[in-house]
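Student: Sharing protein00.json below, JSON, C-alpha atoms and all ligand atoms:
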```
[["chain", "number", "residue", "atom", "x", "y", "z"],
["A", 234, "MET", "CA", 121.41, 257.00, 105.84],
["A", 235, "ARG", "CA", 119.38, 253.92, 105.00],
["A", 236, "ARG", "CA", 120.94, 251.69, 102.36],
["A", 237, "GLY", "CA", 118.91, 251.38, 99.21],
["A", 238, "GLU", "CA", 117.35, 254.85, 99.48],
["A", 239, "VAL", "CA", 120.14, 257.30, 98.82],
["A", 240, "LEU", "CA", 122.64, 254.72, 97.60],
["A", 241, "GLY", "CA", 120.32, 253.32, 94.92],
["A", 242, "MET", "CA", 119.57, 256.66, 93.26],
["A", 243, "TRP", "CA", 123.00, 257.09, 91.71],
["A", 244, "LYS", "CA", 122.59, 254.00, 89.52],
["A", 245, "ALA", "CA", 120.28, 255.79, 87.09],
["A", 246, "GLU", "CA", 123.27, 257.96, 86.09],
["A", 247, "PHE", "CA", 125.24, 254.92, 84.88],
["A", 248, "PRO", "CA", 124.82, 253.22, 81.49],
["A", 249, "ALA", "CA", 122.04, 250.65, 81.28],
["A", 250, "SER", "CA", 123.72, 248.57, 78.57],
["A", 251, "ASN", "CA", 126.08, 245.68, 79.38],
["A", 252, "ARG", "CA", 124.98, 245.42, 83.02],
["A", 253, "TYR", "CA", 125.85, 241.83, 83.83],
["A", 254, "TYR", "CA", 124.50, 241.92, 87.39],
["A", 255, "GLU", "CA", 123.10, 244.53, 89.71],
["A", 256, "GLU", "CA", 121.79, 245.02, 93.20],
["A", 257, "GLU", "CA", 120.26, 248.01, 94.94],
["A", 258, "ASP", "CA", 123.71, 249.45, 95.66],
["A", 259, "GLY", "CA", 125.92, 248.12, 92.91],
["A", 260, "ILE", "CA", 126.45, 247.30, 89.23],
["A", 261, "LEU", "CA", 128.81, 244.82, 87.60],
["A", 262, "TYR", "CA", 129.64, 245.29, 83.91],
["A", 263, "CYS", "CA", 131.15, 242.41, 81.97],
["A", 264, "GLY", "CA", 133.20, 243.85, 79.14],
["A", 265, "ASP", "CA", 136.25, 245.82, 78.09],
["A", 266, "ASN", "CA", 136.81, 248.56, 80.66],
["A", 267, "VAL", "CA", 137.81, 251.20, 78.07],
["A", 268, "GLU", "CA", 134.56, 250.67, 76.18],
["A", 269, "VAL", "CA", 132.49, 250.65, 79.38],
["A", 270, "LEU", "CA", 134.20, 253.71, 80.88],
["A", 271, "LYS", "CA", 133.58, 255.71, 77.70],
["A", 272, "GLN", "CA", 129.85, 255.47, 78.46],
["A", 273, "PHE", "CA", 130.20, 256.85, 82.02],
["A", 274, "LYS", "CA", 129.40, 260.48, 82.70],
["A", 275, "GLU", "CA", 132.30, 262.66, 83.68],
["A", 276, "GLU", "CA", 133.02, 263.20, 87.38],
["A", 277, "SER", "CA", 130.90, 260.23, 88.50],
["A", 278, "ILE", "CA", 133.33, 258.21, 90.64],
["A", 279, "ASP", "CA", 134.68, 259.02, 94.13],
["A", 280, "LEU", "CA", 137.22, 256.24, 94.58],
["A", 281, "VAL", "CA", 138.92, 253.50, 92.58],
["A", 282, "VAL", "CA", 140.67, 250.58, 94.29],
["A", 283, "THR", "CA", 142.06, 248.31, 91.61],
["A", 284, "SER", "CA", 144.84, 246.14, 90.33],
["A", 285, "PRO", "CA", 145.48, 245.85, 86.56],
["A", 286, "PRO", "CA", 147.35, 242.97, 84.88],
["A", 287, "TYR", "CA", 151.09, 243.13, 85.62],
["A", 288, "PHE", "CA", 152.47, 243.41, 82.10],
["A", 289, "LEU", "CA", 152.47, 239.90, 80.57],
["A", 290, "GLN", "CA", 152.59, 237.97, 83.84],
["A", 291, "ARG", "CA", 149.14, 236.38, 83.33],
["A", 292, "TRP", "CA", 146.78, 236.21, 80.38],
["A", 293, "TYR", "CA", 143.64, 235.88, 82.54],
["A", 294, "SER", "CA", 140.72, 234.88, 80.32],
["A", 295, "ALA", "CA", 142.77, 235.23, 77.09],
["A", 296, "LYS", "CA", 144.06, 232.06, 75.43],
["A", 297, "SER", "CA", 147.20, 233.50, 73.81],
["A", 298, "GLU", "CA", 149.58, 236.42, 74.20],
["A", 299, "GLU", "CA", 148.09, 238.02, 71.11],
["A", 300, "GLU", "CA", 144.59, 237.80, 72.53],
["A", 301, "PHE", "CA", 145.83, 239.15, 75.86],
["A", 302, "LEU", "CA", 147.49, 242.13, 74.15],
["A", 303, "SER", "CA", 144.22, 243.04, 72.46],
["A", 304, "MET", "CA", 142.70, 243.04, 75.96],
["A", 305, "TRP", "CA", 145.43, 244.95, 77.78],
["A", 306, "SER", "CA", 148.65, 246.67, 76.62],
["A", 307, "PHE", "CA", 150.43, 249.97, 77.24],
["A", 308, "ASP", "CA", 148.62, 251.53, 74.25],
["A", 309, "LYS", "CA", 145.32, 250.44, 75.74],
["A", 310, "PHE", "CA", 146.41, 251.72, 79.15],
["A", 311, "LYS", "CA", 146.94, 255.20, 77.68],
["A", 312, "VAL", "CA", 143.34, 255.44, 76.48],
["A", 313, "PHE", "CA", 142.11, 253.91, 79.73],
["A", 314, "ALA", "CA", 144.09, 256.39, 81.88],
["A", 315, "LYS", "CA", 142.56, 259.42, 80.14],
["A", 316, "GLU", "CA", 139.05, 257.97, 80.49],
["A", 317, "LEU", "CA", 139.71, 257.26, 84.15],
["A", 318, "TYR", "CA", 140.71, 260.88, 84.76],
["A", 319, "ARG", "CA", 137.54, 262.05, 83.02],
["A", 320, "VAL", "CA", 135.19, 259.92, 85.15],
["A", 321, "MET", "CA", 136.83, 260.74, 88.50],
["A", 322, "LYS", "CA", 135.22, 263.44, 90.61],
["A", 323, "GLN", "CA", 137.36, 266.42, 91.58],
["A", 324, "GLY", "CA", 139.25, 265.26, 94.67],
["A", 325, "GLY", "CA", 138.64, 261.60, 93.79],
["A", 326, "VAL", "CA", 141.36, 259.05, 94.51],
["A", 327, "VAL", "CA", 142.64, 256.04, 92.54],
["A", 328, "VAL", "CA", 144.56, 253.29, 94.33],
["A", 329, "TRP", "CA", 146.58, 251.48, 91.64],
["A", 330, "VAL", "CA", 148.02, 248.23, 93.03],
["A", 331, "MET", "CA", 150.74, 246.87, 90.81],
["A", 332, "GLY", "CA", 153.86, 244.72, 90.85],
["A", 333, "ASP", "CA", 156.58, 244.45, 88.24],
["A", 334, "GLN", "CA", 157.62, 241.51, 86.08],
["A", 335, "THR", "CA", 161.18, 240.37, 85.35],
["A", 336, "ILE", "CA", 161.94, 239.48, 81.74],
["A", 337, "ASP", "CA", 165.42, 238.55, 80.44],
["A", 338, "GLY", "CA", 166.91, 239.35, 83.83],
["A", 339, "SER", "CA", 165.51, 242.86, 84.03],
["A", 340, "GLU", "CA", 162.45, 244.29, 85.67],
["A", 341, "VAL", "CA", 160.21, 245.75, 82.97],
["A", 342, "GLY", "CA", 159.45, 248.97, 84.85],
["A", 343, "GLU", "CA", 155.77, 249.02, 83.83],
["A", 344, "PRO", "CA", 154.51, 250.41, 87.20],
["A", 345, "TYR", "CA", 156.80, 253.46, 86.83],
["A", 346, "LYS", "CA", 155.75, 254.03, 83.20],
["A", 347, "GLN", "CA", 152.10, 253.91, 84.13],
["A", 348, "VAL", "CA", 152.23, 256.13, 87.20],
["A", 349, "LEU", "CA", 154.27, 258.77, 85.35],
["A", 350, "TYR", "CA", 151.77, 258.67, 82.49],
["A", 351, "PHE", "CA", 148.95, 259.22, 84.97],
["A", 352, "LYS", "CA", 150.78, 262.28, 86.27],
["A", 353, "GLU", "CA", 152.33, 263.81, 83.19],
["A", 354, "GLU", "CA", 149.79, 263.03, 80.50],
["A", 355, "CYS", "CA", 146.50, 262.85, 82.42],
["A", 356, "GLY", "CA", 146.87, 265.39, 85.21],
["A", 357, "PHE", "CA", 146.63, 263.15, 88.28],
["A", 358, "LYS", "CA", 148.73, 263.96, 91.33],
["A", 359, "ILE", "CA", 150.92, 261.17, 92.69],
["A", 360, "TRP", "CA", 149.61, 261.64, 96.21],
["A", 361, "ASP", "CA", 151.51, 258.78, 97.85],
["A", 362, "THR", "CA", 153.63, 255.85, 96.68],
["A", 363, "MET", "CA", 152.66, 253.19, 99.15],
["A", 364, "ILE", "CA", 153.93, 249.64, 99.50],
["A", 365, "TYR", "CA", 151.94, 246.46, 99.92],
["A", 366, "LYS", "CA", 154.29, 244.16, 101.80],
["A", 367, "LYS", "CA", 153.30, 240.54, 101.37],
["A", 368, "ALA", "CA", 153.46, 238.52, 104.56],
["A", 369, "GLY", "CA", 154.20, 235.30, 102.69],
["A", 370, "ILE", "CA", 156.75, 235.14, 99.88],
["A", 371, "ARG", "CA", 157.20, 233.10, 96.75],
["A", 372, "TYR", "CA", 160.08, 230.67, 96.38],
["A", 373, "PRO", "CA", 163.05, 233.10, 96.41],
["A", 374, "ASP", "CA", 165.45, 233.82, 93.55],
["A", 375, "LYS", "CA", 169.01, 232.60, 94.13],
["A", 376, "ASP", "CA", 170.69, 235.82, 93.00],
["A", 377, "ARG", "CA", 168.36, 238.56, 94.21],
["A", 378, "TYR", "CA", 166.91, 239.66, 97.54],
["A", 379, "TYR", "CA", 163.46, 238.23, 98.21],
["A", 380, "GLN", "CA", 160.74, 240.00, 96.24],
["A", 381, "ILE", "CA", 158.22, 240.87, 98.89],
["A", 382, "PHE", "CA", 156.24, 243.93, 97.78],
["A", 383, "GLU", "CA", 153.95, 245.53, 95.26],
["A", 384, "PHE", "CA", 153.23, 249.21, 94.73],
["A", 385, "MET", "CA", 150.01, 250.85, 95.85],
["A", 386, "PHE", "CA", 150.11, 254.17, 93.99],
["A", 387, "VAL", "CA", 147.61, 256.59, 95.47],
["A", 388, "ILE", "CA", 146.89, 259.12, 92.72],
["A", 389, "SER", "CA", 144.30, 261.86, 92.90],
["A", 390, "LYS", "CA", 142.40, 264.30, 90.71],
["A", 391, "GLY", "CA", 143.44, 267.42, 92.63],
["A", 392, "VAL", "CA", 143.78, 267.29, 96.39],
["A", 393, "PRO", "CA", 141.88, 264.28, 97.84],
["A", 394, "LYS", "CA", 138.47, 265.41, 99.08],
["A", 395, "THR", "CA", 138.25, 262.64, 101.70],
["A", 396, "VAL", "CA", 141.09, 261.51, 103.93],
["A", 397, "HIS", "CA", 140.66, 259.34, 107.03],
["A", 398, "LEU", "CA", 144.15, 258.28, 108.03],
["A", 399, "ILE", "CA", 144.19, 255.00, 109.92],
["A", 400, "GLN", "CA", 145.65, 255.48, 113.37],
["A", 401, "ASP", "CA", 146.58, 252.02, 114.63],
["A", 402, "ARG", "CA", 150.36, 252.19, 115.15],
["A", 403, "ILE", "CA", 151.44, 252.12, 118.78],
["A", 404, "ASN", "CA", 153.59, 255.19, 119.40],
["A", 405, "LYS", "CA", 157.09, 254.67, 120.73],
["A", 406, "TYR", "CA", 156.95, 257.81, 122.90],
["A", 407, "VAL", "CA", 153.46, 257.45, 124.39],
["A", 408, "GLY", "CA", 152.66, 260.20, 126.92],
["A", 409, "LYS", "CA", 155.84, 262.19, 126.17],
["A", 410, "LYS", "CA", 156.23, 265.59, 124.54],
["A", 411, "VAL", "CA", 158.37, 265.10, 121.47],
["A", 412, "ARG", "CA", 160.42, 267.45, 119.35],
["A", 413, "ASP", "CA", 160.08, 267.91, 115.61],
["A", 414, "SER", "CA", 163.19, 268.72, 113.61],
["A", 415, "LYS", "CA", 163.54, 269.85, 110.03],
["A", 416, "ARG", "CA", 166.68, 270.25, 107.91],
["A", 417, "LEU", "CA", 166.59, 273.43, 105.83],
["A", 418, "VAL", "CA", 167.90, 273.83, 102.27],
["A", 419, "ASN", "CA", 171.13, 275.35, 103.63],
["A", 420, "GLY", "CA", 171.68, 272.27, 105.83],
["A", 421, "ASP", "CA", 170.78, 273.91, 109.18],
["A", 422, "VAL", "CA", 168.40, 272.08, 111.49],
["A", 423, "THR", "CA", 165.41, 273.79, 113.14],
["A", 424, "ILE", "CA", 163.92, 272.18, 116.20],
["A", 425, "THR", "CA", 160.35, 272.81, 117.32],
["A", 426, "LYS", "CA", 159.17, 271.54, 120.66],
["A", 427, "LEU", "CA", 155.66, 270.20, 120.18],
["A", 428, "ASP", "CA", 153.24, 271.05, 122.97],
["A", 429, "LYS", "CA", 151.07, 268.04, 122.40],
["A", 430, "THR", "CA", 151.66, 264.88, 124.39],
["A", 431, "THR", "CA", 152.09, 261.85, 122.14],
["A", 432, "ASP", "CA", 148.93, 259.74, 121.89],
["A", 433, "TYR", "CA", 148.90, 255.98, 122.36],
["A", 434, "PHE", "CA", 148.16, 255.38, 118.68],
["A", 435, "GLY", "CA", 149.85, 257.19, 115.82],
["A", 436, "VAL", "CA", 149.07, 257.29, 112.09],
["A", 437, "ARG", "CA", 150.20, 254.24, 110.13],
["A", 438, "HIS", "CA", 153.30, 254.38, 107.98],
["A", 439, "ASN", "CA", 152.83, 253.94, 104.24],
["A", 440, "ILE", "CA", 154.07, 250.35, 104.07],
["A", 441, "TRP", "CA", 151.13, 248.04, 104.77],
["A", 442, "GLU", "CA", 151.60, 244.33, 105.38],
["A", 443, "TYR", "CA", 148.94, 241.76, 104.57],
["A", 444, "LYS", "CA", 148.66, 238.02, 104.36],
["A", 445, "ALA", "CA", 147.32, 236.82, 101.04],
["A", 446, "GLY", "CA", 145.79, 233.57, 99.81],
["A", 447, "TYR", "CA", 142.94, 231.37, 100.95],
["A", 448, "GLY", "CA", 142.10, 231.65, 104.64],
["A", 449, "MET", "CA", 144.26, 234.78, 105.02],
["A", 450, "GLY", "CA", 143.43, 237.31, 102.29],
["A", 451, "SER", "CA", 139.85, 236.01, 102.16],
["A", 452, "THR", "CA", 137.91, 233.01, 103.41],
["A", 453, "ASP", "CA", 135.85, 232.88, 100.21],
["A", 454, "LYS", "CA", 137.02, 229.65, 98.61],
["A", 455, "GLU", "CA", 135.50, 230.52, 95.23],
["A", 456, "ALA", "CA", 137.59, 233.72, 95.02],
["A", 457, "PHE", "CA", 140.73, 231.68, 94.43],
["A", 458, "LYS", "CA", 139.48, 230.30, 91.13],
["A", 459, "HIS", "CA", 140.79, 233.72, 90.09],
["A", 460, "PRO", "CA", 144.63, 233.73, 89.89],
["A", 461, "ALA", "CA", 145.37, 237.16, 91.41],
["A", 462, "VAL", "CA", 143.09, 238.03, 94.31],
["A", 463, "PHE", "CA", 144.23, 240.86, 96.56],
["A", 464, "PRO", "CA", 143.53, 240.76, 100.31],
["A", 465, "GLU", "CA", 140.15, 241.97, 101.51],
["A", 466, "ALA", "CA", 141.86, 243.96, 104.27],
["A", 467, "LEU", "CA", 143.87, 245.92, 101.69],
["A", 468, "ALA", "CA", 140.66, 246.96, 99.91],
["A", 469, "LYS", "CA", 138.94, 247.73, 103.22],
["A", 470, "ASP", "CA", 141.75, 249.96, 104.50],
["A", 471, "HIS", "CA", 141.86, 252.02, 101.30],
["A", 472, "ILE", "CA", 138.07, 252.32, 101.10],
["A", 473, "TYR", "CA", 138.09, 253.58, 104.70],
["A", 474, "SER", "CA", 140.98, 255.99, 104.06],
["A", 475, "TRP", "CA", 139.70, 257.71, 100.91],
["A", 476, "SER", "CA", 135.89, 257.57, 100.91],
["A", 477, "ASN", "CA", 132.71, 258.05, 102.93],
["A", 478, "GLU", "CA", 129.54, 256.01, 103.24],
["A", 479, "GLY", "CA", 127.34, 256.59, 100.19],
["A", 480, "ASP", "CA", 130.34, 257.32, 97.90],
["A", 481, "ILE", "CA", 130.73, 255.44, 94.60],
["A", 482, "VAL", "CA", 133.68, 253.04, 94.45],
["A", 483, "LEU", "CA", 134.80, 251.61, 91.11],
["A", 484, "ASP", "CA", 137.04, 248.63, 90.35],
["A", 485, "PRO", "CA", 137.61, 248.61, 86.55],
["A", 486, "PHE", "CA", 139.55, 245.29, 86.83],
["A", 487, "SER", "CA", 137.23, 243.75, 89.39],
["A", 488, "GLY", "CA", 138.34, 240.12, 88.96],
["A", 489, "SER", "CA", 136.96, 238.04, 91.82],
["A", 490, "GLY", "CA", 135.18, 241.11, 93.23],
["A", 491, "THR", "CA", 137.25, 241.88, 96.34],
["A", 492, "THR", "CA", 136.78, 245.68, 96.11],
["A", 493, "LEU", "CA", 133.09, 245.26, 95.28],
["A", 494, "LYS", "CA", 132.46, 243.00, 98.26],
["A", 495, "MET", "CA", 134.27, 245.27, 100.71],
["A", 496, "SER", "CA", 132.55, 248.39, 99.31],
["A", 497, "LYS", "CA", 129.18, 246.78, 99.84],
["A", 498, "ILE", "CA", 130.04, 245.78, 103.41],
["A", 499, "MET", "CA", 131.17, 249.36, 104.06],
["A", 500, "ASN", "CA", 127.97, 250.98, 102.70],
["A", 501, "ARG", "CA", 129.49, 252.44, 99.56],
["A", 502, "GLY", "CA", 127.91, 252.19, 96.12],
["A", 503, "TRP", "CA", 130.00, 249.82, 93.99],
["A", 504, "VAL", "CA", 130.73, 249.49, 90.27],
["A", 505, "GLY", "CA", 132.81, 246.67, 88.84],
["A", 506, "ILE", "CA", 134.08, 245.95, 85.33],
["A", 507, "ASP", "CA", 135.84, 242.79, 84.20],
["A", 508, "ILE", "CA", 136.30, 241.33, 80.77],
["A", 509, "GLY", "CA", 136.30, 237.70, 81.97],
["A", 510, "LYS", "CA", 132.80, 236.27, 82.33],
["A", 511, "GLU", "CA", 134.09, 233.49, 84.60],
["A", 512, "TYR", "CA", 135.55, 236.14, 86.95],
["A", 513, "CYS", "CA", 132.32, 238.17, 86.93],
["A", 514, "ASP", "CA", 130.47, 235.03, 88.07],
["A", 515, "ILE", "CA", 132.85, 234.65, 91.03],
["A", 516, "ALA", "CA", 132.39, 238.34, 91.91],
["A", 517, "ILE", "CA", 128.61, 237.91, 91.95],
["A", 518, "GLU", "CA", 128.89, 235.01, 94.40],
["A", 519, "ARG", "CA", 131.08, 237.12, 96.65],
["A", 520, "VAL", "CA", 128.95, 240.26, 96.71],
["A", 521, "LYS", "CA", 125.90, 238.11, 97.46],
["A", 522, "LYS", "CA", 127.78, 236.71, 100.44],
["A", 523, "ALA", "CA", 128.48, 240.23, 101.67],
["A", 524, "GLU", "CA", 124.78, 240.64, 102.47],
["A", 525, "ASN", "CA", 124.98, 238.00, 105.20],
["A", 526, "ILE", "CA", 128.27, 239.35, 106.52],
["A", 527, "LYS", "CA", 126.64, 242.78, 106.92],
["A", 528, "LYS", "CA", 123.72, 241.32, 108.82],
["A", 529, "THR", "CA", 125.92, 239.50, 111.33],
["A", 530, "MET", "CA", 128.48, 242.26, 111.85],
["A", 531, "LEU", "CA", 128.72, 243.50, 115.42],
["A", 532, "PHE", "CA", 130.88, 246.48, 114.61],
["A", 533, "LYS", "CA", 131.15, 248.84, 111.66],
["A", 534, "VAL", "CA", 134.18, 248.13, 109.46],
["A", 601, "LIG", "C1", 145.01, 241.58, 88.78],
["A", 601, "LIG", "S1", 143.42, 241.01, 88.29],
["A", 601, "LIG", "C2", 142.35, 241.82, 89.45],
["A", 601, "LIG", "C3", 142.07, 240.97, 90.66],
["A", 601, "LIG", "C4", 141.18, 241.63, 91.72],
["A", 601, "LIG", "N1", 141.85, 242.73, 92.37],
["A", 601, "LIG", "C5", 140.76, 240.62, 92.77],
["A", 601, "LIG", "O1", 140.99, 240.83, 93.98],
["A", 601, "LIG", "O2", 140.20, 239.57, 92.39],
["A", 601, "LIG", "C6", 143.18, 241.86, 86.78],
["A", 601, "LIG", "C7", 141.81, 241.63, 86.11],
["A", 601, "LIG", "O3", 141.72, 242.51, 84.99],
["A", 601, "LIG", "C8", 140.87, 241.92, 84.01],
["A", 601, "LIG", "N2", 141.10, 242.64, 82.74],
["A", 601, "LIG", "C9", 142.20, 242.66, 81.97],
["A", 601, "LIG", "N3", 142.04, 243.48, 80.90],
["A", 601, "LIG", "C10", 140.80, 244.02, 81.03],
["A", 601, "LIG", "C11", 140.06, 244.95, 80.26],
["A", 601, "LIG", "N4", 140.55, 245.51, 79.14],
["A", 601, "LIG", "N5", 138.82, 245.29, 80.69],
["A", 601, "LIG", "C12", 138.28, 244.74, 81.83],
["A", 601, "LIG", "N6", 138.95, 243.85, 82.59],
["A", 601, "LIG", "C13", 140.19, 243.50, 82.20],
["A", 601, "LIG", "C14", 141.25, 240.45, 84.05],
["A", 601, "LIG", "O4", 140.20, 239.63, 83.56],
["A", 601, "LIG", "C15", 141.55, 240.23, 85.56],
["A", 601, "LIG", "O5", 140.44, 239.66, 86.22]]
```
Could you spell out this file's structure in structure tokens?
Tutor:
Amino acid sequence: MRRGEVLGMWKAEFPASNRYYEEEDGILYCGDNVEVLKQFKEESIDLVVTSPPYFLQRWYSAKSEEEFLSMWSFDKFKVFAKELYRVMKQGGVVVWVMGDQTIDGSEVGEPYKQVLYFKEECGFKIWDTMIYKKAGIRYPDKDRYYQIFEFMFVISKGVPKTVHLIQDRINKYVGKKVRDSKRLVNGDVTITKLDKTTDYFGVRHNIWEYKAGYGMGSTDKEAFKHPAVFPEALAKDHIYSWSNEGDIVLDPFSGSGTTLKMSKIMNRGWVGIDIGKEYCDIAIERVKKAENIKKTMLFKV
């Protein structure tokens, strides 16, 4: 498939208003994601890789808590979640990257509230609760174990239509025939001898470790004018796992544009939404850069 031919055609199906920037294979909207999503046709998105604000941890472009809460709150999330379900294609996947915040000595529990709402009130399946293990950690608390992870909830509208599991874990029992055992409800164990010899590489486990920050998560200096950039490799691995070339990938909290940049490099159509104009400007710089990266790439990502 040649980029620009098939990829560009889908854009006519998306709203023309509020487009802040666009290219042949992508659109960036600057505005409130609930309002923007309401204008999307149903079943128009294949994959979402995103990270919302973590409760009240940062106000982003807002100047006060009150302003932030008009931008993002649990009430707003509820409307957003229903809209998100509506715009996802059957079999589409949403990767919801989220950490918790501790207030008055207790974790708030917002990630659990949100993922259960997605399941119980919207109809998404919780396909996999994955962990993003951060290779570097913040200054540790004195009275708790080091906080070193965030959730990556993989939720889906029905059974995921595209799954490419990454197989890059060196198997412990390479070349051997292994046994599979299963404990039944009555406590007995059944053992099946597998005929297949174990391959050199096995499928990854669902805890993924990445380095974050400048020079590690991305080498785009301008990205870090945004306070919460996730690693490019995290976006790349999820885009690879749950979509195909030519699919439409959305980030409704696109921030510095990490998902948009990686989608472009990987020949997906991309749609971003962010309420902060200053963040949209960073995202534009980064997707423009992706053009050169594509040209100089020796291998497909
Ligand atoms: C955790 S950051 C996303 C960072 C992004 N993953 C990256 O790598 O740069 C969350 C983003 O959500 C945006 N945001 C918050 N409320 C929003 C809303 N109602 N509509 C659109 N964007 C919103 C903020 O401006 C912020 O950039």
Student: What's around Phe288 in chain A at 8 Å? Count all atoms listed in the file, leave out sequence neighbours fewer than 5 positions away in its own chain, and write the answer as a PyMOL selection string.
Tutor: chain A and resi 306+333-334+343
Student: Residues within 12 Å of Leu349 in chain A, please, as a PyMOL selection string. Count only C-alpha atoms; anything in the same chain fewer than 6 positions from it doesn't count.
Tutor: chain A and resi 311+314+342-343+355-359+362+386+388
Student: Measure the distance from CA of Trp441 in chain A to atom N2 of ligand LIG 601 (chain A) in Å and round it to one decimal.
Tutor: 24.8 Å
Student: Hey, which residues come within 7 Å of ligand LIG 601 (chain A) if we count only C-alpha atoms and all ligand atoms? Could you give them as a PyMOL selection string?
Tutor: chain A and resi 264-267+283-286+293-294+304-305+456+459+461-464+485-492+506-509+512
Student: Kindly assemble as JSON lines a list of the range 439-516 of chain A residues that lie within 12 Å of range 376-384 of chain A, each paired with its nearest atom pair and their distance in Å to one decimal, using all atoms listed in the file, sorted first by chain and then by ascending residue number.
Tutor:
```
{"residue": "A:Asn439", "atom": "CA", "partner": "A:Phe384", "partner_atom": "CA", "distance": 10.6}
{"residue": "A:Ile440", "atom": "CA", "partner": "A:Phe382", "partner_atom": "CA", "distance": 9.2}
{"residue": "A:Trp441", "atom": "CA", "partner": "A:Phe382", "partner_atom": "CA", "distance": 9.6}
{"residue": "A:Glu442", "atom": "CA", "partner": "A:Phe382", "partner_atom": "CA", "distance": 8.9}
{"residue": "A:Tyr443", "atom": "CA", "partner": "A:Phe382", "partner_atom": "CA", "distance": 10.2}
{"residue": "A:Lys444", "atom": "CA", "partner": "A:Ile381", "partner_atom": "CA", "distance": 11.4}
{"residue": "A:Ala445", "atom": "CA", "partner": "A:Ile381", "partner_atom": "CA", "distance": 11.8}
{"residue": "A:Phe463", "atom": "CA", "partner": "A:Glu383", "partner_atom": "CA", "distance": 10.9}
{"residue": "A:Leu467", "atom": "CA", "partner": "A:Glu383", "partner_atom": "CA", "distance": 12.0}
```
Student: Quick check, in Å to one decimal: how far apart do CA of Arg319 in chain A and CA of Glu246 in chain A lie?
Tutor: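 Between CA of Arg319 in chain A and CA of Glu246 in chain A the gap works out to 15.2 Å.
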Student: Rounded to one decimal in Å, what is the spacing between CA of Glu268 in chain A and CA of Ala295 in chain A?
Tutor: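 Distance between the two atoms: 17.5 Å.
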Student: For a quick check of your reading of the model, name the residues lying within 9 Å of the coordinate (160.3, 266.9, 119.5), counting all atoms listed in the file, and write them as an MDAnalysis selection string.
Tutor: chainID A and resid 410:414 424:428
Student: Write out as number ranges by chain which residues come within 12 Å of Leu317 in chain A when counting only C-alpha atoms, dropping same-chain ones fewer than 2 positions away.
Tutor: A: 266-281, 283, 310-315, 319-322, 325-329, 351, 355-357, 388-390, 483-485
Student: Set the distance at 6 Å and use all atoms listed in the file: which residues neighbour Trp503 in chain A once local chain neighbours fewer than 6 positions away are removed? I'd like the list as a list in words.
Tutor: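 In the requested format, the answer is Gly259, Ile481, Val482, Leu483 and Leu493 of chain A.
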Student: Between A:Gly502, A:Tyr345, A:Pro373, A:Val396, which is the closest to Met242 in chain A once you count only C-alpha atoms?
Tutor: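 The answer is A:Gly502, which sits nearest to Met242 in chain A.
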Student: Which of these, A:Tyr262, A:Trp475, A:Phe457, A:Phe307, has the shortest distance to Val282 in chain A once you count only C-alpha atoms?
Tutor: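 So, comparing all the options, the nearest one is A:Trp475.
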Student: Can you work out which one of A:Gly408, A:Pro248, A:Gly332, A:Gly435 has the shortest atom-to-atom distance to Gln290 in chain A, counting all atoms listed in the file?
Tutor: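 Between A:Gly408, A:Pro248, A:Gly332, A:Gly435, the residue approaching Gln290 in chain A most closely is A:Gly332.
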Student: Ile498 in chain A: which residues within 8 Å, counting all atoms listed in the file, same-chain residues fewer than 6 positions away excluded, as a ChimeraX atom specification?
Tutor: /A:523-524,526-527,534
Student: Find, counting all atoms listed in the file, the residue in A:Thr335, A:Gln347, A:Glu353, A:Gln323 that gets nearest to Leu289 in chain A.
Tutor: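 Closest candidate: A:Thr335.
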Student: Taking into account all atoms listed in the file, which residue in the set A:Glu478, A:His438, A:Met499, A:Ile364 is nearest to Met331 in chain A?
Tutor: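 Going through A:Glu478, A:His438, A:Met499, A:Ile364 one by one, the smallest distance to Met331 in chain A is for A:Ile364.
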Student: Between A:Glu255, A:Glu465, A:Glu511, A:Asp470, which one has atoms that come closest to Lys494 in chain A, using only C-alpha atoms?
Tutor: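 Smallest distance to Lys494 in chain A is found for A:Glu465.
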